[in-house]
>>> print(open('my_file-v2.txt').read())   # compact mmCIF, N, CA and C atoms and all ligand atoms
# COMPACT_ATOMS: atom_id res chain seq x y z
N MET A 8 6.70 21.06 -2.63
CA MET A 8 5.73 20.09 -3.17
C MET A 8 4.54 19.98 -2.22
N SER A 9 3.36 20.02 -2.76
CA SER A 9 2.17 19.86 -1.91
C SER A 9 2.04 18.40 -1.48
N THR A 10 1.22 18.17 -0.49
CA THR A 10 1.03 16.80 -0.01
C THR A 10 0.44 15.92 -1.10
N VAL A 11 -0.52 16.46 -1.85
CA VAL A 11 -1.13 15.66 -2.93
C VAL A 11 -0.07 15.32 -3.98
N GLU A 12 0.78 16.28 -4.30
CA GLU A 12 1.85 16.00 -5.27
C GLU A 12 2.80 14.92 -4.74
N LYS A 13 3.07 14.99 -3.44
CA LYS A 13 3.93 13.97 -2.83
C LYS A 13 3.29 12.58 -2.97
N ILE A 14 2.00 12.50 -2.68
CA ILE A 14 1.27 11.24 -2.79
C ILE A 14 1.30 10.74 -4.23
N GLN A 15 1.02 11.64 -5.17
CA GLN A 15 0.99 11.23 -6.59
C GLN A 15 2.34 10.70 -7.03
N ARG A 16 3.39 11.34 -6.52
CA ARG A 16 4.73 10.90 -6.87
C ARG A 16 5.05 9.52 -6.28
N GLN A 17 4.69 9.33 -5.03
CA GLN A 17 4.93 8.03 -4.39
C GLN A 17 4.20 6.92 -5.14
N ILE A 18 2.96 7.20 -5.51
CA ILE A 18 2.15 6.20 -6.20
C ILE A 18 2.70 5.91 -7.59
N ALA A 19 3.19 6.95 -8.25
CA ALA A 19 3.73 6.77 -9.61
C ALA A 19 5.07 6.03 -9.59
N GLU A 20 5.85 6.26 -8.57
CA GLU A 20 7.22 5.71 -8.55
C GLU A 20 7.32 4.31 -7.96
N ASN A 21 6.29 3.88 -7.24
CA ASN A 21 6.37 2.58 -6.57
C ASN A 21 5.25 1.66 -7.01
N PRO A 22 5.58 0.65 -7.82
CA PRO A 22 4.53 -0.22 -8.38
C PRO A 22 3.77 -1.00 -7.31
N ILE A 23 4.43 -1.27 -6.18
CA ILE A 23 3.75 -1.93 -5.06
C ILE A 23 4.02 -1.08 -3.82
N LEU A 24 3.00 -0.46 -3.32
CA LEU A 24 3.17 0.54 -2.25
C LEU A 24 2.11 0.35 -1.17
N LEU A 25 2.59 0.21 0.06
CA LEU A 25 1.67 0.06 1.19
C LEU A 25 1.76 1.28 2.10
N TYR A 26 0.67 1.99 2.23
CA TYR A 26 0.55 3.03 3.25
C TYR A 26 0.09 2.34 4.52
N MET A 27 0.85 2.50 5.59
CA MET A 27 0.56 1.71 6.79
C MET A 27 0.93 2.48 8.05
N LYS A 28 0.57 1.91 9.19
CA LYS A 28 0.99 2.46 10.48
C LYS A 28 2.18 1.65 10.96
N GLY A 29 3.31 2.33 11.14
CA GLY A 29 4.54 1.65 11.51
C GLY A 29 5.27 1.17 10.27
N SER A 30 6.15 0.21 10.46
CA SER A 30 6.96 -0.32 9.36
C SER A 30 6.67 -1.82 9.23
N PRO A 31 7.04 -2.41 8.07
CA PRO A 31 6.82 -3.86 7.93
C PRO A 31 7.47 -4.67 9.06
N LYS A 32 8.63 -4.22 9.52
CA LYS A 32 9.30 -4.94 10.62
C LYS A 32 8.63 -4.69 11.96
N LEU A 33 8.04 -3.52 12.10
CA LEU A 33 7.42 -3.17 13.38
C LEU A 33 6.11 -2.41 13.13
N PRO A 34 5.08 -3.15 12.71
CA PRO A 34 3.79 -2.50 12.47
C PRO A 34 3.22 -1.96 13.78
N SER A 35 2.54 -0.81 13.71
CA SER A 35 1.99 -0.19 14.92
C SER A 35 0.51 -0.49 15.10
N CYS A 36 -0.03 -1.34 14.25
CA CYS A 36 -1.46 -1.65 14.35
C CYS A 36 -1.68 -3.02 13.74
N GLY A 37 -2.64 -3.75 14.31
CA GLY A 37 -2.92 -5.10 13.84
C GLY A 37 -3.38 -5.15 12.38
N PHE A 38 -4.13 -4.13 11.94
CA PHE A 38 -4.58 -4.11 10.54
C PHE A 38 -3.39 -4.00 9.59
N SER A 39 -2.47 -3.12 9.94
CA SER A 39 -1.26 -2.97 9.12
C SER A 39 -0.42 -4.25 9.18
N ALA A 40 -0.34 -4.85 10.34
CA ALA A 40 0.44 -6.09 10.49
C ALA A 40 -0.13 -7.19 9.61
N GLN A 41 -1.44 -7.32 9.57
CA GLN A 41 -2.07 -8.36 8.73
C GLN A 41 -1.82 -8.10 7.25
N ALA A 42 -1.89 -6.84 6.88
CA ALA A 42 -1.65 -6.48 5.47
C ALA A 42 -0.21 -6.83 5.08
N VAL A 43 0.73 -6.49 5.95
CA VAL A 43 2.14 -6.80 5.70
C VAL A 43 2.35 -8.30 5.57
N GLN A 44 1.70 -9.05 6.42
CA GLN A 44 1.87 -10.50 6.41
C GLN A 44 1.43 -11.09 5.07
N ALA A 45 0.25 -10.69 4.60
CA ALA A 45 -0.26 -11.22 3.33
C ALA A 45 0.62 -10.75 2.16
N LEU A 46 0.99 -9.48 2.20
CA LEU A 46 1.79 -8.93 1.10
C LEU A 46 3.19 -9.57 1.08
N SER A 47 3.78 -9.75 2.24
CA SER A 47 5.10 -10.38 2.32
C SER A 47 5.06 -11.81 1.79
N ALA A 48 3.95 -12.49 2.03
CA ALA A 48 3.81 -13.88 1.58
C ALA A 48 3.80 -13.97 0.06
N CYS A 49 3.58 -12.87 -0.63
CA CYS A 49 3.62 -12.87 -2.09
C CYS A 49 5.06 -12.88 -2.60
N GLY A 50 6.01 -12.57 -1.74
CA GLY A 50 7.41 -12.78 -2.07
C GLY A 50 8.08 -11.72 -2.93
N GLU A 51 7.48 -10.55 -3.05
CA GLU A 51 8.11 -9.49 -3.83
C GLU A 51 8.42 -8.31 -2.92
N ARG A 52 9.42 -7.52 -3.36
CA ARG A 52 9.73 -6.30 -2.61
C ARG A 52 8.60 -5.30 -2.76
N PHE A 53 8.30 -4.61 -1.68
CA PHE A 53 7.29 -3.55 -1.79
C PHE A 53 7.76 -2.33 -1.00
N ALA A 54 7.29 -1.18 -1.44
CA ALA A 54 7.60 0.07 -0.74
C ALA A 54 6.52 0.31 0.31
N PHE A 55 6.88 1.08 1.32
CA PHE A 55 5.87 1.46 2.31
C PHE A 55 6.08 2.90 2.74
N VAL A 56 5.00 3.50 3.20
CA VAL A 56 5.06 4.81 3.83
C VAL A 56 4.40 4.67 5.19
N ASP A 57 5.13 5.07 6.24
CA ASP A 57 4.58 5.05 7.59
C ASP A 57 3.79 6.35 7.80
N ILE A 58 2.48 6.23 7.83
CA ILE A 58 1.67 7.45 7.91
C ILE A 58 1.70 8.07 9.31
N LEU A 59 2.15 7.31 10.29
CA LEU A 59 2.31 7.90 11.63
C LEU A 59 3.47 8.90 11.65
N GLN A 60 4.43 8.70 10.76
CA GLN A 60 5.56 9.64 10.63
C GLN A 60 5.25 10.75 9.63
N ASN A 61 4.13 10.63 8.95
CA ASN A 61 3.76 11.59 7.90
C ASN A 61 2.31 12.04 8.09
N PRO A 62 2.07 12.89 9.09
CA PRO A 62 0.70 13.30 9.40
C PRO A 62 0.00 14.01 8.25
N ASP A 63 0.78 14.66 7.39
CA ASP A 63 0.14 15.34 6.24
C ASP A 63 -0.46 14.31 5.29
N ILE A 64 0.27 13.23 5.07
CA ILE A 64 -0.25 12.17 4.20
C ILE A 64 -1.42 11.45 4.86
N ARG A 65 -1.31 11.24 6.16
CA ARG A 65 -2.43 10.63 6.89
C ARG A 65 -3.70 11.45 6.71
N ALA A 66 -3.57 12.75 6.71
CA ALA A 66 -4.74 13.62 6.59
C ALA A 66 -5.25 13.70 5.15
N GLU A 67 -4.35 13.72 4.18
CA GLU A 67 -4.74 13.97 2.78
C GLU A 67 -5.12 12.72 2.00
N LEU A 68 -4.41 11.61 2.24
CA LEU A 68 -4.61 10.42 1.40
C LEU A 68 -6.05 9.89 1.42
N PRO A 69 -6.70 9.82 2.59
CA PRO A 69 -8.08 9.33 2.57
C PRO A 69 -8.98 10.12 1.64
N LYS A 70 -8.77 11.44 1.56
CA LYS A 70 -9.58 12.27 0.65
C LYS A 70 -9.20 11.98 -0.79
N TYR A 71 -7.89 11.93 -1.03
CA TYR A 71 -7.39 11.70 -2.39
C TYR A 71 -7.85 10.34 -2.92
N ALA A 72 -7.76 9.35 -2.05
CA ALA A 72 -8.06 7.96 -2.45
C ALA A 72 -9.55 7.65 -2.37
N ASN A 73 -10.27 8.51 -1.66
CA ASN A 73 -11.66 8.22 -1.37
C ASN A 73 -11.78 6.89 -0.60
N TRP A 74 -10.85 6.71 0.34
CA TRP A 74 -10.81 5.49 1.16
C TRP A 74 -10.40 5.94 2.56
N PRO A 75 -11.24 5.68 3.56
CA PRO A 75 -11.08 6.39 4.83
C PRO A 75 -9.97 5.91 5.77
N THR A 76 -9.44 4.71 5.52
CA THR A 76 -8.59 4.11 6.57
C THR A 76 -7.24 3.62 6.03
N PHE A 77 -6.42 3.15 6.98
CA PHE A 77 -5.12 2.54 6.69
C PHE A 77 -5.10 1.15 7.31
N PRO A 78 -4.41 0.20 6.69
CA PRO A 78 -3.53 0.31 5.54
C PRO A 78 -4.26 0.56 4.21
N GLN A 79 -3.48 1.01 3.23
CA GLN A 79 -3.95 1.12 1.84
C GLN A 79 -2.87 0.53 0.95
N LEU A 80 -3.28 -0.43 0.14
CA LEU A 80 -2.35 -1.02 -0.83
C LEU A 80 -2.61 -0.43 -2.21
N TRP A 81 -1.54 0.10 -2.81
CA TRP A 81 -1.60 0.65 -4.18
C TRP A 81 -0.71 -0.19 -5.07
N VAL A 82 -1.28 -0.66 -6.17
CA VAL A 82 -0.51 -1.46 -7.13
C VAL A 82 -0.68 -0.83 -8.51
N ASP A 83 0.44 -0.59 -9.17
CA ASP A 83 0.42 0.01 -10.51
C ASP A 83 -0.40 1.29 -10.54
N GLY A 84 -0.27 2.10 -9.52
CA GLY A 84 -0.94 3.39 -9.51
C GLY A 84 -2.41 3.35 -9.13
N GLU A 85 -2.90 2.17 -8.74
CA GLU A 85 -4.31 2.08 -8.39
C GLU A 85 -4.51 1.52 -7.00
N LEU A 86 -5.51 2.05 -6.32
CA LEU A 86 -5.83 1.54 -4.99
C LEU A 86 -6.46 0.15 -5.08
N VAL A 87 -5.85 -0.79 -4.40
CA VAL A 87 -6.42 -2.14 -4.33
C VAL A 87 -7.42 -2.21 -3.17
N GLY A 88 -7.01 -1.70 -2.00
CA GLY A 88 -7.92 -1.67 -0.86
C GLY A 88 -7.17 -1.73 0.45
N GLY A 89 -7.92 -1.99 1.51
CA GLY A 89 -7.37 -2.06 2.85
C GLY A 89 -7.13 -3.50 3.28
N CYS A 90 -7.00 -3.65 4.58
CA CYS A 90 -6.65 -4.95 5.17
C CYS A 90 -7.64 -6.06 4.78
N ASP A 91 -8.94 -5.78 4.89
CA ASP A 91 -9.94 -6.83 4.62
C ASP A 91 -9.82 -7.32 3.18
N ILE A 92 -9.69 -6.38 2.25
CA ILE A 92 -9.61 -6.74 0.83
C ILE A 92 -8.31 -7.49 0.54
N ILE A 93 -7.23 -7.02 1.14
CA ILE A 93 -5.92 -7.66 0.92
C ILE A 93 -6.00 -9.12 1.36
N ILE A 94 -6.56 -9.35 2.53
CA ILE A 94 -6.62 -10.72 3.07
C ILE A 94 -7.57 -11.59 2.26
N GLU A 95 -8.70 -11.00 1.88
CA GLU A 95 -9.66 -11.76 1.08
C GLU A 95 -9.03 -12.17 -0.26
N MET A 96 -8.34 -11.22 -0.90
CA MET A 96 -7.70 -11.53 -2.18
C MET A 96 -6.61 -12.57 -2.01
N PHE A 97 -5.87 -12.46 -0.90
CA PHE A 97 -4.81 -13.44 -0.64
C PHE A 97 -5.41 -14.85 -0.48
N GLN A 98 -6.48 -14.94 0.29
CA GLN A 98 -7.09 -16.25 0.54
C GLN A 98 -7.70 -16.84 -0.72
N ARG A 99 -8.15 -15.97 -1.63
CA ARG A 99 -8.71 -16.45 -2.90
C ARG A 99 -7.61 -16.77 -3.92
N GLY A 100 -6.37 -16.47 -3.56
CA GLY A 100 -5.27 -16.69 -4.50
C GLY A 100 -5.17 -15.61 -5.56
N GLU A 101 -5.77 -14.45 -5.30
CA GLU A 101 -5.77 -13.38 -6.30
C GLU A 101 -4.68 -12.34 -6.07
N LEU A 102 -4.18 -12.29 -4.84
CA LEU A 102 -3.20 -11.24 -4.52
C LEU A 102 -1.85 -11.55 -5.15
N GLN A 103 -1.43 -12.79 -5.01
CA GLN A 103 -0.09 -13.16 -5.49
C GLN A 103 0.13 -12.87 -6.97
N PRO A 104 -0.81 -13.29 -7.87
CA PRO A 104 -0.60 -12.97 -9.29
C PRO A 104 -0.57 -11.46 -9.56
N LEU A 105 -1.41 -10.72 -8.85
CA LEU A 105 -1.42 -9.26 -9.03
C LEU A 105 -0.06 -8.66 -8.67
N ILE A 106 0.46 -9.10 -7.54
CA ILE A 106 1.74 -8.56 -7.04
C ILE A 106 2.89 -9.01 -7.94
N LYS A 107 2.87 -10.29 -8.32
CA LYS A 107 3.92 -10.82 -9.19
C LYS A 107 3.96 -10.06 -10.52
N GLU A 108 2.78 -9.85 -11.07
CA GLU A 108 2.69 -9.17 -12.36
C GLU A 108 3.23 -7.75 -12.27
N ALA A 109 2.88 -7.04 -11.21
CA ALA A 109 3.35 -5.67 -11.02
C ALA A 109 4.87 -5.66 -10.86
N ALA A 110 5.40 -6.62 -10.13
CA ALA A 110 6.85 -6.69 -9.91
C ALA A 110 7.57 -7.02 -11.21
N GLU A 111 7.01 -7.95 -11.99
CA GLU A 111 7.63 -8.35 -13.26
C GLU A 111 7.67 -7.18 -14.24
N LYS A 112 6.55 -6.50 -14.34
CA LYS A 112 6.45 -5.36 -15.25
C LYS A 112 7.53 -4.33 -14.92
N HIS A 113 7.71 -4.13 -13.64
CA HIS A 113 8.67 -3.12 -13.19
C HIS A 113 10.10 -3.56 -13.50
N LYS A 114 10.36 -4.86 -13.33
CA LYS A 114 11.71 -5.37 -13.62
C LYS A 114 12.03 -5.22 -15.10
N GLU A 115 11.03 -5.50 -15.96
CA GLU A 115 11.23 -5.35 -17.41
C GLU A 115 11.55 -3.92 -17.77
N ALA A 116 10.92 -2.99 -17.06
CA ALA A 116 11.07 -1.57 -17.39
C ALA A 116 12.44 -1.03 -16.97
N GLU A 117 13.12 -1.77 -16.13
CA GLU A 117 14.40 -1.25 -15.62
C GLU A 117 15.55 -1.43 -16.58
N1 LIG A 201 -11.45 -2.76 7.96
C1 LIG A 201 -10.34 -1.87 7.70
C2 LIG A 201 -9.48 -1.77 8.93
C3 LIG A 201 -8.57 -0.57 8.91
C4 LIG A 201 -9.00 0.50 9.90
O1 LIG A 201 -10.12 0.46 10.44
N2 LIG A 201 -8.09 1.46 10.12
C5 LIG A 201 -8.36 2.54 11.05
C6 LIG A 201 -7.67 2.24 12.41
S1 LIG A 201 -5.98 1.76 12.24
C7 LIG A 201 -7.79 3.84 10.45
O2 LIG A 201 -6.94 3.83 9.58
N3 LIG A 201 -8.30 5.00 10.92
C8 LIG A 201 -7.88 6.29 10.38
C9 LIG A 201 -6.61 6.78 10.95
O3 LIG A 201 -6.12 6.23 11.95
O4 LIG A 201 -6.05 7.75 10.39
C10 LIG A 201 -9.53 -2.41 6.49
O5 LIG A 201 -9.98 -3.34 5.84
O6 LIG A 201 -8.45 -1.90 6.20
S1 LIG A 202 -4.16 1.98 15.40
FE1 LIG A 202 -5.86 1.37 16.57
S2 LIG A 202 -6.91 0.03 15.26
FE2 LIG A 202 -5.19 0.65 14.13
>>> encode(input="my_file-v2.txt", output="C-alpha cells")
Amino acid sequence: MSTVEKIQRQIAENPILLYMKGSPKLPSCGFSAQAVQALSACGERFAFVDILQNPDIRAELPKYANWPTFPQLWVDGELVGGCDIIIEMFQRGELQPLIKEAAEKHKEAE
C-alpha cells in the first residue's frame, strides 16, 4: 500500500482522527498537547496517528491535505484544521457538536 493509500484508508475508517506528535497520553509537542486537550474535552473516543513514528505519513500528509503542519484533525473524512482552529472552535462551542455528531453517526452505522 502506498503512503497516500494508507492515509486515505485511515481517514475513511476513523470518523474522528488526530494526526499528532506523540500520543494523547504523552504528546511530544505543545501544539499536539493543546489539540488533545480540546478534543478530549468533547468526551468522545478518537483515533490518532503518531507521525513521529510514521515518517512517511509526516512527509506525505501535508501535501495530500494541503496543510503544512501537525496536529491535523480530520472529522468525517474532512480536514478540520490544526491546533489554532481546534482551540478557536472549542472556545466558540463549535467543536463539541461537530465531534458529537460524528461519533453519533458512527455509532448508528455499527
Ligand atoms: N499554528 C499551528 C501550530 C502547529 C505547528 O506549527 N506545527 C509545526 C511544529 S510541531 C509542524 O508540524 N511542523 C512540521 C513538522 O514538524 O513536520 C496550528 O495551528 O496547528
Ligand atoms: S515539535 Fe517543536 S513546535 Fe512542535
>>> residues_near_point(input="my_file-v2.txt", point="(5.1, -10.0, -10.7)", cutoff="12 Å", atoms="only C-alpha atoms", output="count of residues only")
23
>>> residues_near_ligand(input="my_file-v2.txt", ligand="ligand LIG 201 (chain A)", cutoff="6.5 Å", atoms="only N, CA and C atoms and all ligand atoms", output="number ranges by chain")
A: 36, 38-39, 65, 75-79, 88-92
>>> write_last_selection(input="my_file-v2.txt", atoms="N, CA and C atoms", output="PDB file, in the frame of the given file")
ATOM      1  N   CYS A  36      -0.030  -1.340  14.250  1.00  0.00           N
ATOM      2  CA  CYS A  36      -1.460  -1.650  14.350  1.00  0.00           C
ATOM      3  C   CYS A  36      -1.680  -3.020  13.740  1.00  0.00           C
ATOM      4  N   PHE A  38      -4.130  -4.130  11.940  1.00  0.00           N
ATOM      5  CA  PHE A  38      -4.580  -4.110  10.540  1.00  0.00           C
ATOM      6  C   PHE A  38      -3.390  -4.000   9.590  1.00  0.00           C
ATOM      7  N   SER A  39      -2.470  -3.120   9.940  1.00  0.00           N
ATOM      8  CA  SER A  39      -1.260  -2.970   9.120  1.00  0.00           C
ATOM      9  C   SER A  39      -0.420  -4.250   9.180  1.00  0.00           C
ATOM     10  N   ARG A  65      -1.310  11.240   6.160  1.00  0.00           N
ATOM     11  CA  ARG A  65      -2.430  10.630   6.890  1.00  0.00           C
ATOM     12  C   ARG A  65      -3.700  11.450   6.710  1.00  0.00           C
ATOM     13  N   PRO A  75     -11.240   5.680   3.560  1.00  0.00           N
ATOM     14  CA  PRO A  75     -11.080   6.390   4.830  1.00  0.00           C
ATOM     15  C   PRO A  75      -9.970   5.910   5.770  1.00  0.00           C
ATOM     16  N   THR A  76      -9.440   4.710   5.520  1.00  0.00           N
ATOM     17  CA  THR A  76      -8.590   4.110   6.570  1.00  0.00           C
ATOM     18  C   THR A  76      -7.240   3.620   6.030  1.00  0.00           C
ATOM     19  N   PHE A  77      -6.420   3.150   6.980  1.00  0.00           N
ATOM     20  CA  PHE A  77      -5.120   2.540   6.690  1.00  0.00           C
ATOM     21  C   PHE A  77      -5.100   1.150   7.310  1.00  0.00           C
ATOM     22  N   PRO A  78      -4.410   0.200   6.690  1.00  0.00           N
ATOM     23  CA  PRO A  78      -3.530   0.310   5.540  1.00  0.00           C
ATOM     24  C   PRO A  78      -4.260   0.560   4.210  1.00  0.00           C
ATOM     25  N   GLN A  79      -3.480   1.010   3.230  1.00  0.00           N
ATOM     26  CA  GLN A  79      -3.950   1.120   1.840  1.00  0.00           C
ATOM     27  C   GLN A  79      -2.870   0.530   0.950  1.00  0.00           C
ATOM     28  N   GLY A  88      -7.010  -1.700  -2.000  1.00  0.00           N
ATOM     29  CA  GLY A  88      -7.920  -1.670  -0.860  1.00  0.00           C
ATOM     30  C   GLY A  88      -7.170  -1.730   0.450  1.00  0.00           C
ATOM     31  N   GLY A  89      -7.920  -1.990   1.510  1.00  0.00           N
ATOM     32  CA  GLY A  89      -7.370  -2.060   2.850  1.00  0.00           C
ATOM     33  C   GLY A  89      -7.130  -3.500   3.280  1.00  0.00           C
ATOM     34  N   CYS A  90      -7.000  -3.650   4.580  1.00  0.00           N
ATOM     35  CA  CYS A  90      -6.650  -4.950   5.170  1.00  0.00           C
ATOM     36  C   CYS A  90      -7.640  -6.060   4.780  1.00  0.00           C
ATOM     37  N   ASP A  91      -8.940  -5.780   4.890  1.00  0.00           N
ATOM     38  CA  ASP A  91      -9.940  -6.830   4.620  1.00  0.00           C
ATOM     39  C   ASP A  91      -9.820  -7.320   3.180  1.00  0.00           C
ATOM     40  N   ILE A  92      -9.690  -6.380   2.250  1.00  0.00           N
ATOM     41  CA  ILE A  92      -9.610  -6.740   0.830  1.00  0.00           C
ATOM     42  C   ILE A  92      -8.310  -7.490   0.540  1.00  0.00           C
TER      43      ILE A  92
END
>>> closest_residue(input="my_file-v2.txt", among="A:Gln41, A:Thr10, A:Ser30, A:Asn73", to="Ile58 (chain A)", atoms="all atoms listed in the file")
A:Ser30
>>> atom_distance(input="my_file-v2.txt", atom1="atom N of Glu67 (chain A)", atom2="CA of Ala42 (chain A)")
20.4 Å
>>> atom_distance(input="my_file-v2.txt", atom1="CA of Lys13 (chain A)", atom2="CA of Glu95 (chain A)")
29.4 Å
>>> select_by_dssp(input="my_file-v2.txt", residues="region 22-113 of chain A", states="strand (DSSP E or B)", output="PyMOL selection string")
chain A and resi 23-27+29+34+54-57+79-82+85-88
>>> closest_residue(input="my_file-v2.txt", among="A:Gln15, A:Asp57, A:Glu85, A:Ile93", to="Pro34 (chain A)", atoms="only C-alpha atoms")
A:Asp57
>>> closest_residue(input="my_file-v2.txt", among="A:Ala19, A:Gly37, A:Val11, A:Ile94", to="ligand LIG 202 (chain A)", atoms="all atoms listed in the file")
A:Gly37
>>> atom_distance(input="my_file-v2.txt", atom1="CA of Val56 (chain A)", atom2="atom S1 of ligand LIG 202 (chain A)")
15.1 Å
